[in-house]
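K.L.:
Pasting a structure below so you can have a look.
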Amino acid sequence: MTDRLNSAQPYAIGLFRIVIGLLFAVHGAASLFGVLGGTDGGSIPSGTWPGWYAAVIQLVGGALVLLGLGTRGAAFIASGSMAYAYFDVHQSMALWPIQNGGELSVLFCWTMLLLVFTGSGALGLDRLLAGRTAASRADERASEPVAA
């Protein structure tokens, strides 16, 4: 059973990455453009600190994570922005996330941090581009003359 689950692990991580990236990007789009309910039906005024910048990180970082493109870097920045959101916005209201409304920030922070360590898994552009790069390097080595 363990071998079967281990062989499916890259696909499970890939699906996890897609869902988390989509949710993160939608959260940013809702804040920036007021779509899908937005911030009480409106959008965050452009350039306001920290909300507008956090929404841009959510939209762009979520899209990159969703596509599996630069997953580790995008997830690292996204995780940091959610840690900042928790400690700057929510922590001052109460100690525990359930008390201060910071559960979503905590969950996104830790899920993005997990993706920093796992990478994109299967089904990501990172893996596709890495395969192409490795194949082109192998072709270059094969075409080089062998020194005797």
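Every chain in the structure tokens takes a letter, A first, then B, and so on in the order presented; its residues are numbered from 1, and the ligands are numbered from 1 following the presented order.
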Just list as a PyMOL selection string whatever in segment 4-144 of chain A DSSP marks as alpha helix (DSSP H).
P.N.:
chain A and resi 4-33+51-67+71-85+97-100+103-118+125-143
K.L.:
Emit the selected residues as a short mmCIF file (atom, residue, chain, number, x, y, z; two decimals), in the first residue's frame, including C-alpha atoms.
P.N.:
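Result went into again-v2.cif, see below:
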```cif
data_model
loop_
_atom_site.label_atom_id
_atom_site.label_comp_id
_atom_site.auth_asym_id
_atom_site.auth_seq_id
_atom_site.Cartn_x
_atom_site.Cartn_y
_atom_site.Cartn_z
CA ARG A 4 1.36 2.69 -4.30
CA LEU A 5 0.83 5.87 -2.28
CA ASN A 6 4.47 6.87 -2.70
CA SER A 7 4.24 6.46 -6.48
CA ALA A 8 1.18 8.75 -6.53
CA GLN A 9 2.83 11.40 -4.35
CA PRO A 10 3.98 13.74 -7.19
CA TYR A 11 0.43 13.78 -8.57
CA ALA A 12 -1.11 14.43 -5.15
CA ILE A 13 1.33 17.32 -4.62
CA GLY A 14 0.53 18.62 -8.11
CA LEU A 15 -3.21 18.60 -7.44
CA PHE A 16 -2.65 20.17 -4.02
CA ARG A 17 -0.57 22.92 -5.66
CA ILE A 18 -3.25 23.59 -8.27
CA VAL A 19 -6.04 23.93 -5.71
CA ILE A 20 -4.00 26.12 -3.35
CA GLY A 21 -2.76 28.31 -6.21
CA LEU A 22 -6.28 28.76 -7.56
CA LEU A 23 -7.69 29.70 -4.15
CA PHE A 24 -4.82 32.12 -3.51
CA ALA A 25 -5.15 33.77 -6.92
CA VAL A 26 -8.93 34.10 -6.58
CA HIS A 27 -8.49 35.71 -3.18
CA GLY A 28 -6.15 38.28 -4.76
CA ALA A 29 -8.48 38.89 -7.71
CA ALA A 30 -11.40 39.42 -5.34
CA SER A 31 -9.43 42.01 -3.40
CA LEU A 32 -8.00 43.80 -6.44
CA PHE A 33 -10.99 43.82 -8.77
CA GLY A 51 -3.66 45.50 1.37
CA TRP A 52 -3.14 46.32 -2.29
CA TYR A 53 0.40 44.92 -2.35
CA ALA A 54 -0.76 41.76 -0.56
CA ALA A 55 -3.52 41.34 -3.16
CA VAL A 56 -1.00 41.67 -6.01
CA ILE A 57 1.21 39.04 -4.36
CA GLN A 58 -1.85 36.81 -3.96
CA LEU A 59 -2.93 37.18 -7.59
CA VAL A 60 0.49 36.81 -9.19
CA GLY A 61 1.88 34.30 -6.69
CA GLY A 62 -1.30 32.24 -6.83
CA ALA A 63 -1.22 32.18 -10.63
CA LEU A 64 2.43 31.08 -10.65
CA VAL A 65 1.77 28.37 -8.07
CA LEU A 66 -1.33 27.27 -10.00
CA LEU A 67 0.71 26.89 -13.18
CA THR A 71 6.69 27.40 -7.65
CA ARG A 72 9.29 27.44 -4.90
CA GLY A 73 10.08 31.16 -5.22
CA ALA A 74 6.45 32.23 -5.63
CA ALA A 75 5.38 30.07 -2.69
CA PHE A 76 8.17 31.49 -0.52
CA ILE A 77 7.07 35.08 -1.17
CA ALA A 78 3.40 34.14 -0.74
CA SER A 79 4.14 32.38 2.56
CA GLY A 80 6.01 35.40 3.84
CA SER A 81 3.21 37.75 2.87
CA MET A 82 0.70 35.61 4.75
CA ALA A 83 2.96 35.47 7.82
CA TYR A 84 3.16 39.27 7.68
CA ALA A 85 -0.62 39.49 7.33
CA PRO A 97 -6.13 32.38 14.97
CA ILE A 98 -9.66 31.21 15.80
CA GLN A 99 -10.06 34.27 18.00
CA ASN A 100 -8.53 36.88 15.70
CA GLU A 103 -7.08 31.13 10.17
CA LEU A 104 -6.94 31.75 6.42
CA SER A 105 -3.65 33.63 6.70
CA VAL A 106 -2.14 30.85 8.81
CA LEU A 107 -3.37 28.11 6.46
CA PHE A 108 -2.08 29.88 3.35
CA CYS A 109 1.23 30.63 5.08
CA TRP A 110 1.85 26.98 5.98
CA THR A 111 0.56 25.49 2.74
CA MET A 112 2.76 27.81 0.70
CA LEU A 113 5.71 27.01 2.94
CA LEU A 114 5.09 23.30 2.32
CA LEU A 115 5.23 23.96 -1.44
CA VAL A 116 8.61 25.67 -0.98
CA PHE A 117 9.97 22.32 0.21
CA THR A 118 8.01 19.93 -2.01
CA LEU A 125 5.42 23.86 -15.86
CA ASP A 126 8.53 23.66 -13.65
CA ARG A 127 8.79 19.94 -14.31
CA LEU A 128 8.07 20.34 -18.03
CA LEU A 129 10.71 23.05 -18.44
CA ALA A 130 13.23 21.10 -16.34
CA GLY A 131 12.70 18.08 -18.62
CA ARG A 132 13.28 20.15 -21.73
CA THR A 133 16.40 21.74 -20.25
CA ALA A 134 17.81 18.36 -19.23
CA ALA A 135 17.09 16.95 -22.69
CA SER A 136 18.79 19.87 -24.44
CA ARG A 137 21.85 19.50 -22.18
CA ALA A 138 22.02 15.79 -22.99
CA ASP A 139 21.82 16.61 -26.73
CA GLU A 140 24.64 19.14 -26.35
CA ARG A 141 26.84 16.61 -24.54
CA ALA A 142 26.10 13.95 -27.12
CA SER A 143 27.15 16.25 -29.96
#
```
K.L.:
So how far away is atom CA of Leu123 of chain A from atom CA of Gly68 of chain A, in Å?
P.N.:
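Going from atom CA of Gly68 of chain A over to atom CA of Leu123 of chain A covers 7.5 Å.
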K.L.:
Find the distance between atom CA of Gly102 of chain A and atom CA of His90 of chain A and write it in Å to one decimal.
P.N.:
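Spanning atom CA of Gly102 of chain A to atom CA of His90 of chain A is a straight-line distance of 5.5 Å.
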K.L.:
Quick one: pull the distance between atom CA of Gly47 of chain A and atom CA of Ala94 of chain A, Å, one decimal.
P.N.:
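A separation of 28.0 Å between them.
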